[in-house]
Amino acid sequence: MTRTVLVEVFDHDADPPRLDQLSRHLLRELRELGLQTVREPVRAPAGTKAGSAVTISTLAVALAGTPTCKAFVTGVFGWLGPRRGGLKISCGDRSVELSAATPGERQELLEWLLRCDGETWEQDRDGRGD
């Protein structure tokens with residue numbers, strides 16, 4: 001089963017051009033891992049300094065089974081390692097925000113991605129649900 005996850009780069013101190021640069025870098029890294037990844041342009045929020053002239057991106061990543069999910073998790077956490085800010089990963093109507101993770105959290109994210117059609121990552125982590 002192929003599912004698509006959306007990945008948004010965030011850094012509260014970065015302006016839209018910097019966020020665009022960061023998302024382009026992540027896009028290259030994920031493609032180097034062999035993942036099918038495309039940019040989905042999104043207008044910068046109203047009221048930001050650069051306003052309507054700058055677009056930032058959401059990356060759409062196709063995940064088809066365990067090998068691509070593992071490559072995605074590896075790529076995401078490799079990319080996050082030296083950076084401030086983080087990523088919002090969405091699958092369907094569920095999402096999680098990450099800025100760093102322990103090896104255990106990486107495994108939890110992988111498991112969540114493999115079943116992302118019905119459970120939140122938080123339900124998976126604490127076993128109770130929200």
# chains A, B, ... in the order shown; residues from 1 in each chain; ligands from 1

call {"tool": "residues_around", "arguments": {"residues": "Thr37 (chain A)", "least_positions_apart": "3", "cutoff": "8 Å", "atoms": "only C-alpha atoms", "output": "number ranges by chain"}}
result
A: 27, 30-31, 59-62

call {"tool": "residues_around", "arguments": {"residues": "Phe72 (chain A)", "least_positions_apart": "3", "cutoff": "8 Å", "atoms": "only C-alpha atoms", "output": "list in words"}}
result
Leu30, Leu33, Leu35, Leu63, Thr68, Cys69, Gly75 and Val76 of chain A

call {"tool": "residues_around", "arguments": {"residues": "His12 (chain A)", "least_positions_apart": "6", "cutoff": "10 Å", "atoms": "only C-alpha atoms", "output": "ChimeraX atom specification"}}
result
/A:19,84-86

call {"tool": "closest_residue", "arguments": {"among": "A:Arg28, A:Pro67, A:Ser23, A:Asp93", "to": "Phe10 (chain A)", "atoms": "only C-alpha atoms"}}
result
A:Ser23

call {"tool": "residues_around", "arguments": {"residues": "Thr74 (chain A)", "least_positions_apart": "5", "cutoff": "12 Å", "atoms": "only C-alpha atoms", "output": "VMD selection string"}}
result
chain A and resid 26 29 to 30 32 to 33 35 67 to 69 79 to 81 100 to 101 103 105 to 107 109 to 110

call {"tool": "residues_around", "arguments": {"residues": "Lys88 (chain A)", "least_positions_apart": "6", "cutoff": "9 Å", "atoms": "only C-alpha atoms", "output": "tab-separated table (two decimals) with N, CA and C atoms, in the first residue's frame"}}
result
chain	number	residue	atom	x	y	z
A	6	LEU	N	2.76	14.32	4.14
A	6	LEU	CA	3.15	15.69	3.86
A	6	LEU	C	4.13	16.14	4.93
A	7	VAL	N	5.18	16.82	4.51
A	7	VAL	CA	6.22	17.28	5.43
A	7	VAL	C	6.37	18.79	5.28
A	8	GLU	N	6.21	19.49	6.39
A	8	GLU	CA	6.38	20.95	6.40
A	8	GLU	C	7.55	21.28	7.31
A	9	VAL	N	8.45	22.12	6.83
A	9	VAL	CA	9.58	22.58	7.62
A	9	VAL	C	9.13	23.78	8.45
A	10	PHE	N	9.51	23.81	9.73
A	10	PHE	CA	9.22	24.99	10.52
A	10	PHE	C	10.44	25.41	11.33
A	95	SER	N	-1.19	14.25	12.41
A	95	SER	CA	0.13	14.84	12.22
A	95	SER	C	0.93	14.79	13.52
A	96	VAL	N	2.23	14.96	13.36
A	96	VAL	CA	3.15	15.01	14.48
A	96	VAL	C	4.22	16.03	14.15
A	97	GLU	N	4.66	16.78	15.16
A	97	GLU	CA	5.75	17.73	14.97
A	97	GLU	C	6.99	17.20	15.68
A	98	LEU	N	8.12	17.27	14.99
A	98	LEU	CA	9.37	16.75	15.51
A	98	LEU	C	10.48	17.77	15.37
A	99	SER	N	11.36	17.81	16.36
A	99	SER	CA	12.56	18.64	16.22
A	99	SER	C	13.81	17.82	16.47

call {"tool": "select_by_dssp", "arguments": {"residues": "region 3-104 of chain A", "states": "helix (DSSP H, G or I)", "output": "number ranges by chain"}}
result
A: 16-32, 51-53, 66-80, 103-104

call {"tool": "residues_around", "arguments": {"residues": "Gly65 (chain A)", "least_positions_apart": "4", "cutoff": "9 Å", "atoms": "only C-alpha atoms", "output": "PyMOL selection string"}}
result
chain A and resi 1-3+69-70+114

call {"tool": "atom_distance", "arguments": {"atom1": "CA of Cys116 (chain A)", "atom2": "CA of Val5 (chain A)"}}
result
9.2 Å

call {"tool": "closest_residue", "arguments": {"among": "A:Arg94, A:Arg39, A:Arg18, A:Arg24", "to": "Arg115 (chain A)", "atoms": "only C-alpha atoms"}}
result
A:Arg94

call {"tool": "atom_distance", "arguments": {"atom1": "CA of Thr58 (chain A)", "atom2": "CA of Cys91 (chain A)"}}
result
12.7 Å

call {"tool": "closest_residue", "arguments": {"among": "A:Ser57, A:Thr66, A:Ser90, A:Thr102", "to": "Gln21 (chain A)", "atoms": "only C-alpha atoms"}}
result
A:Ser57

call {"tool": "atom_distance", "arguments": {"atom1": "CA of Gly78 (chain A)", "atom2": "CA of Pro17 (chain A)"}}
result
22.0 Å

call {"tool": "decode", "arguments": {"residues": "region 55-83 of chain A", "atoms": "N, CA and C atoms", "output": "PDB file, in the first residue's frame"}}
result
ATOM      1  N   THR A  55       6.817  31.992  -1.684  1.00  0.00           N
ATOM      2  CA  THR A  55       6.094  30.773  -1.341  1.00  0.00           C
ATOM      3  C   THR A  55       7.011  29.874  -0.534  1.00  0.00           C
ATOM      4  N   ILE A  56       6.407  29.126   0.356  1.00  0.00           N
ATOM      5  CA  ILE A  56       7.136  28.090   1.071  1.00  0.00           C
ATOM      6  C   ILE A  56       6.552  26.773   0.607  1.00  0.00           C
ATOM      7  N   SER A  57       7.154  25.681   0.973  1.00  0.00           N
ATOM      8  CA  SER A  57       6.710  24.421   0.410  1.00  0.00           C
ATOM      9  C   SER A  57       6.356  23.391   1.448  1.00  0.00           C
ATOM     10  N   THR A  58       5.437  22.566   1.031  1.00  0.00           N
ATOM     11  CA  THR A  58       5.142  21.325   1.704  1.00  0.00           C
ATOM     12  C   THR A  58       5.667  20.245   0.773  1.00  0.00           C
ATOM     13  N   LEU A  59       6.343  19.265   1.325  1.00  0.00           N
ATOM     14  CA  LEU A  59       6.827  18.154   0.519  1.00  0.00           C
ATOM     15  C   LEU A  59       5.858  16.996   0.642  1.00  0.00           C
ATOM     16  N   ALA A  60       5.499  16.420  -0.477  1.00  0.00           N
ATOM     17  CA  ALA A  60       4.673  15.219  -0.493  1.00  0.00           C
ATOM     18  C   ALA A  60       5.599  14.046  -0.773  1.00  0.00           C
ATOM     19  N   VAL A  61       5.580  13.054   0.123  1.00  0.00           N
ATOM     20  CA  VAL A  61       6.489  11.913   0.013  1.00  0.00           C
ATOM     21  C   VAL A  61       5.666  10.630  -0.067  1.00  0.00           C
ATOM     22  N   ALA A  62       5.910   9.832  -1.102  1.00  0.00           N
ATOM     23  CA  ALA A  62       5.218   8.556  -1.266  1.00  0.00           C
ATOM     24  C   ALA A  62       5.955   7.478  -0.480  1.00  0.00           C
ATOM     25  N   LEU A  63       5.220   6.781   0.379  1.00  0.00           N
ATOM     26  CA  LEU A  63       5.801   5.705   1.181  1.00  0.00           C
ATOM     27  C   LEU A  63       5.070   4.411   0.839  1.00  0.00           C
ATOM     28  N   ALA A  64       5.810   3.449   0.311  1.00  0.00           N
ATOM     29  CA  ALA A  64       5.219   2.179  -0.100  1.00  0.00           C
ATOM     30  C   ALA A  64       5.854   1.052   0.700  1.00  0.00           C
ATOM     31  N   GLY A  65       5.398   0.863   1.918  1.00  0.00           N
ATOM     32  CA  GLY A  65       5.883  -0.241   2.725  1.00  0.00           C
ATOM     33  C   GLY A  65       7.058   0.117   3.617  1.00  0.00           C
ATOM     34  N   THR A  66       7.526  -0.888   4.310  1.00  0.00           N
ATOM     35  CA  THR A  66       8.554  -0.709   5.329  1.00  0.00           C
ATOM     36  C   THR A  66       9.864  -0.128   4.807  1.00  0.00           C
ATOM     37  N   PRO A  67      10.423  -0.588   3.681  1.00  0.00           N
ATOM     38  CA  PRO A  67      11.709  -0.027   3.243  1.00  0.00           C
ATOM     39  C   PRO A  67      11.664   1.479   2.995  1.00  0.00           C
ATOM     40  N   THR A  68      10.614   1.976   2.354  1.00  0.00           N
ATOM     41  CA  THR A  68      10.556   3.411   2.102  1.00  0.00           C
ATOM     42  C   THR A  68      10.260   4.185   3.382  1.00  0.00           C
ATOM     43  N   CYS A  69       9.470   3.605   4.288  1.00  0.00           N
ATOM     44  CA  CYS A  69       9.223   4.264   5.579  1.00  0.00           C
ATOM     45  C   CYS A  69      10.519   4.371   6.375  1.00  0.00           C
ATOM     46  N   LYS A  70      11.314   3.314   6.372  1.00  0.00           N
ATOM     47  CA  LYS A  70      12.600   3.347   7.078  1.00  0.00           C
ATOM     48  C   LYS A  70      13.527   4.402   6.464  1.00  0.00           C
ATOM     49  N   ALA A  71      13.578   4.456   5.137  1.00  0.00           N
ATOM     50  CA  ALA A  71      14.427   5.448   4.471  1.00  0.00           C
ATOM     51  C   ALA A  71      13.957   6.853   4.813  1.00  0.00           C
ATOM     52  N   PHE A  72      12.645   7.056   4.850  1.00  0.00           N
ATOM     53  CA  PHE A  72      12.091   8.365   5.182  1.00  0.00           C
ATOM     54  C   PHE A  72      12.480   8.772   6.607  1.00  0.00           C
ATOM     55  N   VAL A  73      12.291   7.889   7.567  1.00  0.00           N
ATOM     56  CA  VAL A  73      12.625   8.199   8.964  1.00  0.00           C
ATOM     57  C   VAL A  73      14.117   8.495   9.093  1.00  0.00           C
ATOM     58  N   THR A  74      14.949   7.700   8.442  1.00  0.00           N
ATOM     59  CA  THR A  74      16.394   7.938   8.465  1.00  0.00           C
ATOM     60  C   THR A  74      16.720   9.300   7.876  1.00  0.00           C
ATOM     61  N   GLY A  75      16.133   9.619   6.732  1.00  0.00           N
ATOM     62  CA  GLY A  75      16.390  10.903   6.087  1.00  0.00           C
ATOM     63  C   GLY A  75      15.919  12.083   6.910  1.00  0.00           C
ATOM     64  N   VAL A  76      14.744  11.961   7.499  1.00  0.00           N
ATOM     65  CA  VAL A  76      14.189  13.050   8.304  1.00  0.00           C
ATOM     66  C   VAL A  76      15.064  13.341   9.512  1.00  0.00           C
ATOM     67  N   PHE A  77      15.443  12.302  10.239  1.00  0.00           N
ATOM     68  CA  PHE A  77      16.230  12.543  11.442  1.00  0.00           C
ATOM     69  C   PHE A  77      17.676  12.901  11.127  1.00  0.00           C
ATOM     70  N   GLY A  78      18.193  12.438  10.007  1.00  0.00           N
ATOM     71  CA  GLY A  78      19.507  12.883   9.571  1.00  0.00           C
ATOM     72  C   GLY A  78      19.491  14.357   9.231  1.00  0.00           C
ATOM     73  N   TRP A  79      18.430  14.801   8.586  1.00  0.00           N
ATOM     74  CA  TRP A  79      18.283  16.202   8.214  1.00  0.00           C
ATOM     75  C   TRP A  79      18.059  17.072   9.448  1.00  0.00           C
ATOM     76  N   LEU A  80      17.268  16.601  10.392  1.00  0.00           N
ATOM     77  CA  LEU A  80      16.976  17.377  11.599  1.00  0.00           C
ATOM     78  C   LEU A  80      18.192  17.558  12.499  1.00  0.00           C
ATOM     79  N   GLY A  81      19.065  16.572  12.543  1.00  0.00           N
ATOM     80  CA  GLY A  81      20.179  16.545  13.482  1.00  0.00           C
ATOM     81  C   GLY A  81      20.848  17.870  13.774  1.00  0.00           C
ATOM     82  N   PRO A  82      21.443  18.540  12.798  1.00  0.00           N
ATOM     83  CA  PRO A  82      22.195  19.757  13.085  1.00  0.00           C
ATOM     84  C   PRO A  82      21.377  21.045  13.020  1.00  0.00           C
ATOM     85  N   ARG A  83      20.075  20.963  12.896  1.00  0.00           N
ATOM     86  CA  ARG A  83      19.271  22.161  12.648  1.00  0.00           C
ATOM     87  C   ARG A  83      18.411  22.567  13.828  1.00  0.00           C
TER      88      ARG A  83
END
